[in-house]
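Here's entry.cif, which has mmCIF, C-alpha atoms:
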```
data_structure
#
loop_
_atom_site.group_PDB
_atom_site.id
_atom_site.type_symbol
_atom_site.label_atom_id
_atom_site.label_comp_id
_atom_site.auth_asym_id
_atom_site.auth_seq_id
_atom_site.Cartn_x
_atom_site.Cartn_y
_atom_site.Cartn_z
ATOM 1 C CA MET Z 1 40.293 5.437 -24.859
ATOM 2 C CA ARG Z 2 41.311 5.364 -21.190
ATOM 3 C CA THR Z 3 39.483 3.848 -18.265
ATOM 4 C CA LEU Z 4 40.746 5.118 -14.938
ATOM 5 C CA LYS Z 5 40.581 3.813 -11.392
ATOM 6 C CA ARG Z 6 41.841 5.607 -8.299
ATOM 7 C CA PHE Z 7 43.986 2.649 -7.230
ATOM 8 C CA GLY Z 8 45.592 -0.064 -9.328
ATOM 9 C CA ILE Z 9 45.249 2.294 -12.270
ATOM 10 C CA VAL Z 10 44.288 0.623 -15.529
ATOM 11 C CA ILE Z 11 45.079 1.961 -18.979
ATOM 12 C CA ALA Z 12 42.830 0.411 -21.627
ATOM 13 C CA MET Z 13 43.403 0.902 -25.340
ATOM 14 C CA ALA Z 14 40.538 0.493 -27.763
ATOM 15 C CA GLY Z 15 41.134 -1.653 -30.808
ATOM 16 C CA ALA Z 16 39.367 -2.923 -33.896
ATOM 17 C CA VAL Z 17 40.064 0.374 -35.632
ATOM 18 C CA VAL Z 18 43.807 0.927 -35.406
ATOM 19 C CA ILE Z 19 45.908 3.805 -36.680
ATOM 20 C CA ALA Z 20 48.959 1.770 -37.630
ATOM 21 C CA GLY Z 21 51.124 4.692 -38.692
ATOM 22 C CA THR Z 22 50.968 6.545 -35.390
ATOM 23 C CA ALA Z 23 52.635 3.713 -33.469
ATOM 24 C CA LEU Z 24 55.848 4.404 -35.380
ATOM 25 C CA ALA Z 25 55.921 8.160 -34.784
ATOM 26 C CA GLN Z 26 59.532 9.184 -34.308
ATOM 27 C CA THR Z 27 59.104 12.759 -33.089
ATOM 28 C CA PRO Z 28 56.446 14.550 -31.039
ATOM 29 C CA ASP Z 29 55.478 16.629 -34.073
ATOM 30 C CA ALA Z 30 55.068 13.519 -36.246
ATOM 31 C CA SER Z 31 52.637 12.025 -33.753
ATOM 32 C CA ASP Z 32 48.999 12.957 -33.469
ATOM 33 C CA TRP Z 33 49.482 13.206 -29.698
ATOM 34 C CA GLY Z 34 53.123 13.938 -28.960
ATOM 35 C CA TYR Z 35 52.328 16.524 -26.288
ATOM 36 C CA TYR Z 36 50.198 16.593 -23.156
ATOM 37 C CA GLY Z 37 47.843 19.029 -24.880
ATOM 38 C CA GLY Z 38 47.888 17.229 -28.214
ATOM 39 C CA ASP Z 39 50.300 19.650 -29.894
ATOM 40 C CA MET Z 40 52.758 22.317 -28.821
ATOM 41 C CA PHE Z 41 49.912 24.834 -28.630
ATOM 42 C CA GLY Z 42 47.786 22.650 -26.359
ATOM 43 C CA GLN Z 43 44.828 22.631 -28.757
ATOM 44 C CA ARG Z 44 43.789 19.060 -27.816
ATOM 45 C CA PHE Z 45 42.596 18.370 -31.359
ATOM 46 C CA SER Z 46 43.104 15.081 -33.199
ATOM 47 C CA ARG Z 47 43.042 14.896 -36.983
ATOM 48 C CA LEU Z 48 42.605 11.118 -36.933
ATOM 49 C CA ASN Z 49 39.366 10.066 -38.555
ATOM 50 C CA GLU Z 50 39.400 6.262 -38.794
ATOM 51 C CA ILE Z 51 37.372 6.142 -35.580
ATOM 52 C CA ASN Z 52 34.104 7.979 -36.114
ATOM 53 C CA ARG Z 53 30.419 7.975 -35.175
ATOM 54 C CA LYS Z 54 29.649 5.098 -37.508
ATOM 55 C CA ASN Z 55 32.192 2.603 -36.193
ATOM 56 C CA VAL Z 56 32.943 3.649 -32.618
ATOM 57 C CA THR Z 57 30.452 1.109 -31.245
ATOM 58 C CA HIS Z 58 32.461 -1.697 -32.846
ATOM 59 C CA LEU Z 59 35.657 -0.966 -30.917
ATOM 60 C CA THR Z 60 37.043 -3.690 -28.684
ATOM 61 C CA VAL Z 61 39.811 -3.595 -26.062
ATOM 62 C CA ALA Z 62 43.176 -4.262 -27.715
ATOM 63 C CA TRP Z 63 45.166 -4.403 -24.473
ATOM 64 C CA THR Z 64 45.209 -3.221 -20.861
ATOM 65 C CA TYR Z 65 48.055 -2.187 -18.611
ATOM 66 C CA ARG Z 66 48.039 -1.902 -14.817
ATOM 67 C CA THR Z 67 50.478 0.532 -13.273
ATOM 68 C CA GLY Z 68 50.571 -1.292 -9.938
ATOM 69 C CA GLU Z 69 50.264 1.981 -8.015
ATOM 70 C CA ASN Z 70 47.914 1.337 -5.100
ATOM 71 C CA GLY Z 71 49.115 4.017 -2.683
ATOM 72 C CA ALA Z 72 51.223 1.695 -0.512
ATOM 73 C CA GLY Z 73 53.055 3.714 2.117
ATOM 74 C CA PHE Z 74 51.628 6.989 0.829
ATOM 75 C CA ALA Z 75 50.626 9.295 3.670
ATOM 76 C CA ARG Z 76 47.553 10.611 1.853
ATOM 77 C CA ALA Z 77 46.611 7.674 -0.362
ATOM 78 C CA ASN Z 78 43.016 8.896 -0.499
ATOM 79 C CA LYS Z 79 44.213 11.908 -2.500
ATOM 80 C CA LEU Z 80 45.899 9.886 -5.254
ATOM 81 C CA SER Z 81 44.306 10.740 -8.579
ATOM 82 C CA PHE Z 82 45.406 9.480 -11.992
ATOM 83 C CA GLU Z 83 45.170 12.439 -14.376
ATOM 84 C CA ALA Z 84 47.968 11.743 -16.862
ATOM 85 C CA THR Z 85 47.434 12.066 -20.599
ATOM 86 C CA PRO Z 86 49.765 9.560 -22.325
ATOM 87 C CA VAL Z 87 51.903 10.970 -25.139
ATOM 88 C CA LEU Z 88 53.142 9.121 -28.223
ATOM 89 C CA ALA Z 89 56.634 9.712 -29.593
ATOM 90 C CA PHE Z 90 59.761 7.823 -30.642
ATOM 91 C CA GLY Z 91 57.663 4.694 -31.113
ATOM 92 C CA LEU Z 92 56.601 4.537 -27.450
ATOM 93 C CA LEU Z 93 53.663 5.626 -25.312
ATOM 94 C CA TYR Z 94 54.711 7.543 -22.181
ATOM 95 C CA LEU Z 95 52.631 8.083 -19.050
ATOM 96 C CA GLU Z 96 53.098 8.839 -15.358
ATOM 97 C CA THR Z 97 51.449 7.688 -12.123
ATOM 98 C CA PRO Z 98 50.278 10.119 -9.405
ATOM 99 C CA THR Z 99 53.505 9.302 -7.516
ATOM 100 C CA ASN Z 100 55.685 10.267 -10.496
ATOM 101 C CA ILE Z 101 56.628 6.801 -11.682
ATOM 102 C CA VAL Z 102 57.277 7.251 -15.404
ATOM 103 C CA ILE Z 103 56.375 4.349 -17.699
ATOM 104 C CA ALA Z 104 57.035 3.657 -21.385
ATOM 105 C CA LEU Z 105 54.768 1.188 -23.190
ATOM 106 C CA ASP Z 106 54.711 -0.396 -26.614
ATOM 107 C CA PRO Z 107 51.679 1.391 -28.114
ATOM 108 C CA GLU Z 108 50.572 -1.622 -30.169
ATOM 109 C CA THR Z 109 50.799 -4.314 -27.488
ATOM 110 C CA GLY Z 110 50.811 -2.496 -24.134
ATOM 111 C CA VAL Z 111 54.048 -4.261 -23.143
ATOM 112 C CA GLN Z 112 56.118 -2.237 -20.681
ATOM 113 C CA ARG Z 113 59.439 -1.161 -22.177
ATOM 114 C CA TRP Z 114 60.791 0.623 -19.128
ATOM 115 C CA ARG Z 115 59.750 2.053 -15.793
ATOM 116 C CA PHE Z 116 61.471 4.742 -13.730
ATOM 117 C CA ASP Z 117 60.640 5.405 -10.082
ATOM 118 C CA PRO Z 118 62.093 8.660 -8.655
ATOM 119 C CA HIS Z 119 61.178 7.456 -5.141
ATOM 120 C CA ILE Z 120 59.398 10.544 -3.879
ATOM 121 C CA ASP Z 121 59.020 10.862 -0.121
ATOM 122 C CA ARG Z 122 55.744 9.018 0.496
ATOM 123 C CA SER Z 123 55.555 10.144 4.115
ATOM 124 C CA ARG Z 124 54.923 13.802 3.247
ATOM 125 C CA GLN Z 125 51.471 15.349 3.585
ATOM 126 C CA TYR Z 126 51.272 16.646 0.006
ATOM 127 C CA ALA Z 127 48.598 19.215 -0.763
ATOM 128 C CA GLU Z 128 47.834 17.326 -3.987
ATOM 129 C CA ALA Z 129 48.727 13.885 -5.313
ATOM 130 C CA SER Z 130 48.497 13.723 -9.072
ATOM 131 C CA SER Z 131 50.503 14.117 -12.254
ATOM 132 C CA ARG Z 132 49.197 15.149 -15.641
ATOM 133 C CA GLY Z 133 52.017 13.548 -17.588
ATOM 134 C CA VAL Z 134 55.416 14.148 -19.142
ATOM 135 C CA SER Z 135 57.051 16.337 -21.776
ATOM 136 C CA ILE Z 136 59.442 15.310 -24.533
ATOM 137 C CA TRP Z 137 62.606 16.930 -25.896
ATOM 138 C CA GLU Z 138 64.833 15.959 -28.809
ATOM 139 C CA ASP Z 139 68.305 17.330 -29.557
ATOM 140 C CA SER Z 140 68.055 19.310 -32.791
ATOM 141 C CA ASP Z 141 71.786 18.876 -33.525
ATOM 142 C CA SER Z 142 72.088 15.713 -35.639
ATOM 143 C CA ARG Z 143 75.782 15.516 -34.772
ATOM 144 C CA HIS Z 144 74.871 14.553 -31.232
ATOM 145 C CA THR Z 145 74.213 10.843 -30.808
ATOM 146 C CA GLY Z 146 73.904 8.356 -27.993
ATOM 147 C CA ALA Z 147 72.030 8.427 -24.704
ATOM 148 C CA CYS Z 148 69.709 11.317 -23.872
ATOM 149 C CA THR Z 149 69.556 12.884 -27.316
ATOM 150 C CA ARG Z 150 65.855 12.216 -26.774
ATOM 151 C CA ARG Z 151 64.581 12.944 -23.293
ATOM 152 C CA ILE Z 152 61.508 12.618 -21.119
ATOM 153 C CA LEU Z 153 61.081 15.486 -18.651
ATOM 154 C CA THR Z 154 58.731 15.725 -15.709
ATOM 155 C CA GLY Z 155 58.252 17.473 -12.382
ATOM 156 C CA THR Z 156 57.542 15.686 -9.111
ATOM 157 C CA LEU Z 157 55.408 16.120 -6.011
ATOM 158 C CA ASP Z 158 58.571 16.790 -4.003
ATOM 159 C CA ALA Z 159 59.528 19.569 -6.453
ATOM 160 C CA ARG Z 160 62.240 18.013 -8.564
ATOM 161 C CA LEU Z 161 62.675 18.347 -12.327
ATOM 162 C CA LEU Z 162 63.748 15.033 -13.855
ATOM 163 C CA ALA Z 163 65.259 14.144 -17.217
ATOM 164 C CA MET Z 164 65.590 10.570 -18.472
ATOM 165 C CA ASP Z 165 66.568 8.880 -21.701
ATOM 166 C CA ALA Z 166 63.462 8.317 -23.839
ATOM 167 C CA ALA Z 167 64.595 4.876 -25.002
ATOM 168 C CA THR Z 168 65.762 3.390 -21.691
ATOM 169 C CA GLY Z 169 64.393 5.518 -18.837
ATOM 170 C CA GLU Z 170 67.887 5.981 -17.421
ATOM 171 C CA PRO Z 171 68.515 9.401 -15.775
ATOM 172 C CA CYS Z 172 70.410 11.889 -17.949
ATOM 173 C CA LYS Z 173 73.598 12.394 -15.979
ATOM 174 C CA ASP Z 174 74.399 15.694 -17.706
ATOM 175 C CA PHE Z 175 71.125 17.254 -16.542
ATOM 176 C CA GLY Z 176 71.331 19.033 -13.195
ATOM 177 C CA THR Z 177 72.774 16.664 -10.602
ATOM 178 C CA GLY Z 178 72.567 13.075 -11.776
ATOM 179 C CA GLY Z 179 69.525 13.732 -13.925
ATOM 180 C CA GLN Z 180 67.525 15.999 -11.644
ATOM 181 C CA VAL Z 181 67.207 19.614 -10.516
ATOM 182 C CA ASP Z 182 66.011 20.590 -7.043
ATOM 183 C CA LEU Z 183 63.303 23.192 -7.641
ATOM 184 C CA THR Z 184 63.245 24.151 -3.959
ATOM 185 C CA SER Z 185 66.783 25.507 -4.104
ATOM 186 C CA GLY Z 186 66.569 29.077 -2.813
ATOM 187 C CA LEU Z 187 62.892 28.660 -1.951
ATOM 188 C CA ARG Z 188 61.843 30.508 1.212
ATOM 189 C CA ILE Z 189 58.508 28.808 1.833
ATOM 190 C CA ARG Z 190 58.458 26.936 5.152
ATOM 191 C CA ASP Z 191 55.999 24.172 4.300
ATOM 192 C CA ARG Z 192 57.654 22.576 1.292
ATOM 193 C CA ALA Z 193 55.093 19.776 1.053
ATOM 194 C CA ASN Z 194 52.768 22.454 -0.314
ATOM 195 C CA TYR Z 195 55.157 23.337 -3.138
ATOM 196 C CA LEU Z 196 54.882 20.723 -5.872
ATOM 197 C CA VAL Z 197 54.711 20.139 -9.615
ATOM 198 C CA THR Z 198 51.702 18.357 -11.099
ATOM 199 C CA SER Z 199 51.735 19.510 -14.747
ATOM 200 C CA PRO Z 200 54.175 18.636 -17.552
ATOM 201 C CA PRO Z 201 56.860 21.261 -18.128
ATOM 202 C CA ALA Z 202 56.685 23.459 -21.207
ATOM 203 C CA ILE Z 203 59.541 23.042 -23.687
ATOM 204 C CA TYR Z 204 60.758 25.958 -25.821
ATOM 205 C CA GLY Z 205 63.845 25.043 -27.814
ATOM 206 C CA ASN Z 206 66.389 24.041 -25.197
ATOM 207 C CA VAL Z 207 64.565 25.792 -22.367
ATOM 208 C CA VAL Z 208 62.365 23.967 -19.853
ATOM 209 C CA VAL Z 209 59.674 26.088 -18.190
ATOM 210 C CA VAL Z 210 58.191 24.679 -14.979
ATOM 211 C CA GLY Z 211 55.093 25.826 -13.154
ATOM 212 C CA ALA Z 212 54.316 24.890 -9.558
ATOM 213 C CA ALA Z 213 51.309 24.354 -7.338
ATOM 214 C CA ILE Z 214 51.382 26.046 -3.968
ATOM 215 C CA GLY Z 215 48.939 26.240 -1.079
ATOM 216 C CA ASP Z 216 47.339 29.541 -0.144
ATOM 217 C CA ASN Z 217 48.467 31.567 2.861
ATOM 218 C CA ARG Z 218 51.863 29.911 3.185
ATOM 219 C CA ALA Z 219 54.464 31.381 5.522
ATOM 220 C CA SER Z 220 57.935 32.208 4.277
ATOM 221 C CA ASP Z 221 61.306 32.771 5.823
ATOM 222 C CA VAL Z 222 62.379 36.381 5.280
#
```
Step by step, read the file and then write its structure as structure tokens.
Amino acid sequence: MRTLKRFGIVIAMAGAVVIAGTALAQTPDASDWGYYGGDMFGQRFSRLNEINRKNVTHLTVAWTYRTGENGAGFARANKLSFEATPVLAFGLLYLETPTNIVIALDPETGVQRWRFDPHIDRSRQYAEASSRGVSIWEDSDSRHTGACTRRILTGTLDARLLAMDAATGEPCKDFGTGGQVDLTSGLRIRDRANYLVTSPPAIYGNVVVVGAAIGDNRASDV
């Protein structure tokens, strides 16, 4: 269960009925919610049944976590909207603030394991100010070991695609330039603050597919 506030966003987890096995999920497919849409098909269906109509009223709050994002220095703080769906994989719970700060939590205690801030330009007049979460990738070649064999990928309001190590949050240096790809490269739109990414990328094998939000009636350089 999540309770959301526009500022000082709070994540609250319901307890009393706990699915112990899911906290140790080691791959997105082994988790009941390893993808933004629940599974790779986006069906948003949970097979968990320990919480049901008979016992849901007995749930209590197991822990809360505050992201600390209050819109400080953000040009359009009134547009900040927390819309992320946390995903569970590799034994951690991953979520993202409206300003693209990616956070990994211990799913059983709510303790922060790591936090990565891509430092988006807060002075821009973004058309939107939200993020729906992150996507997860794991190297299928068991011969590959070390950092970034498991990755968290996300797009940003200033149109960057980021990749970071799932265990530490450190940028993956072999991805793009220092762990990021500039999605505006070659873009002809003049008002780049109206070209942004708010949804998690789609992962197909080793391919990352990114959609973008864009304002209507934008001018372009021809």
Take the PyMOL selection byres ((chain Z and resi 202-205) around 9), apply it to the structure above, and return the hits as a VMD selection string.
-> chain Z and resid 40 135 to 137 140 200 to 201 206 to 211
Report the residues retrieved by the PyMOL selection byres ((chain Z and resi 93-100) around 9) from the displayed file, expressed as a ChimeraX atom specification.
-> /Z:9,23,67,69,71,74,80-92,101-107,110,116-120,122,129-134,152,154-157,166,198
What is the atom CA of Met164 of chain Z-atom CA of Cys148 of chain Z distance in Å, reported with one decimal?
->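 Atom CA of Cys148 of chain Z lies at a distance of 6.8 Å from atom CA of Met164 of chain Z.
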For segment 175-188 of chain Z, please output as a list in words all residues within 7 Å (counting all atoms listed in the file; exclusion window: fewer than 3 positions along the same chain).
->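 Answer for this query is Ala159, Arg160, Leu161, Leu162, Ala163, Met164, Pro171, Cys172, Ser220 and Asp221 of chain Z.
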How far is it from atom CA of Gln112 of chain Z to atom CA of Lys173 of chain Z, in Å with one decimal?
-> 23.3 Å
Would you kindly return, as a list in words, each protein, DNA or RNA residue with an atom no farther than 7 Å from any atom of Ala212 of chain Z, considering all atoms listed in the file and excluding same-chain residues fewer than 2 positions away?
->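 The neighbour list is Tyr195, Leu196, Val197, Val210 and Ile214 of chain Z.
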Enter the distance from atom CA of Ser46 of chain Z to atom CA of Thr27 of chain Z, in Å, rounded to one decimal.
->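 Separation between atom CA of Ser46 of chain Z and atom CA of Thr27 of chain Z: 16.2 Å.
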Find the residue from Z:Gln43, Z:Asn70, Z:Gln125, Z:Ser199 that sits nearest to Ala213 of chain Z; use all atoms listed in the file when measuring.
->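 Ranked by minimum distance to Ala213 of chain Z, first place goes to Z:Ser199.
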May I ask which of the residues Z:Ala167, Z:Asp39, Z:Leu48, Z:Leu59 is the closest one to Gly146 of chain Z, counting all atoms listed in the file?
-> Z:Ala167
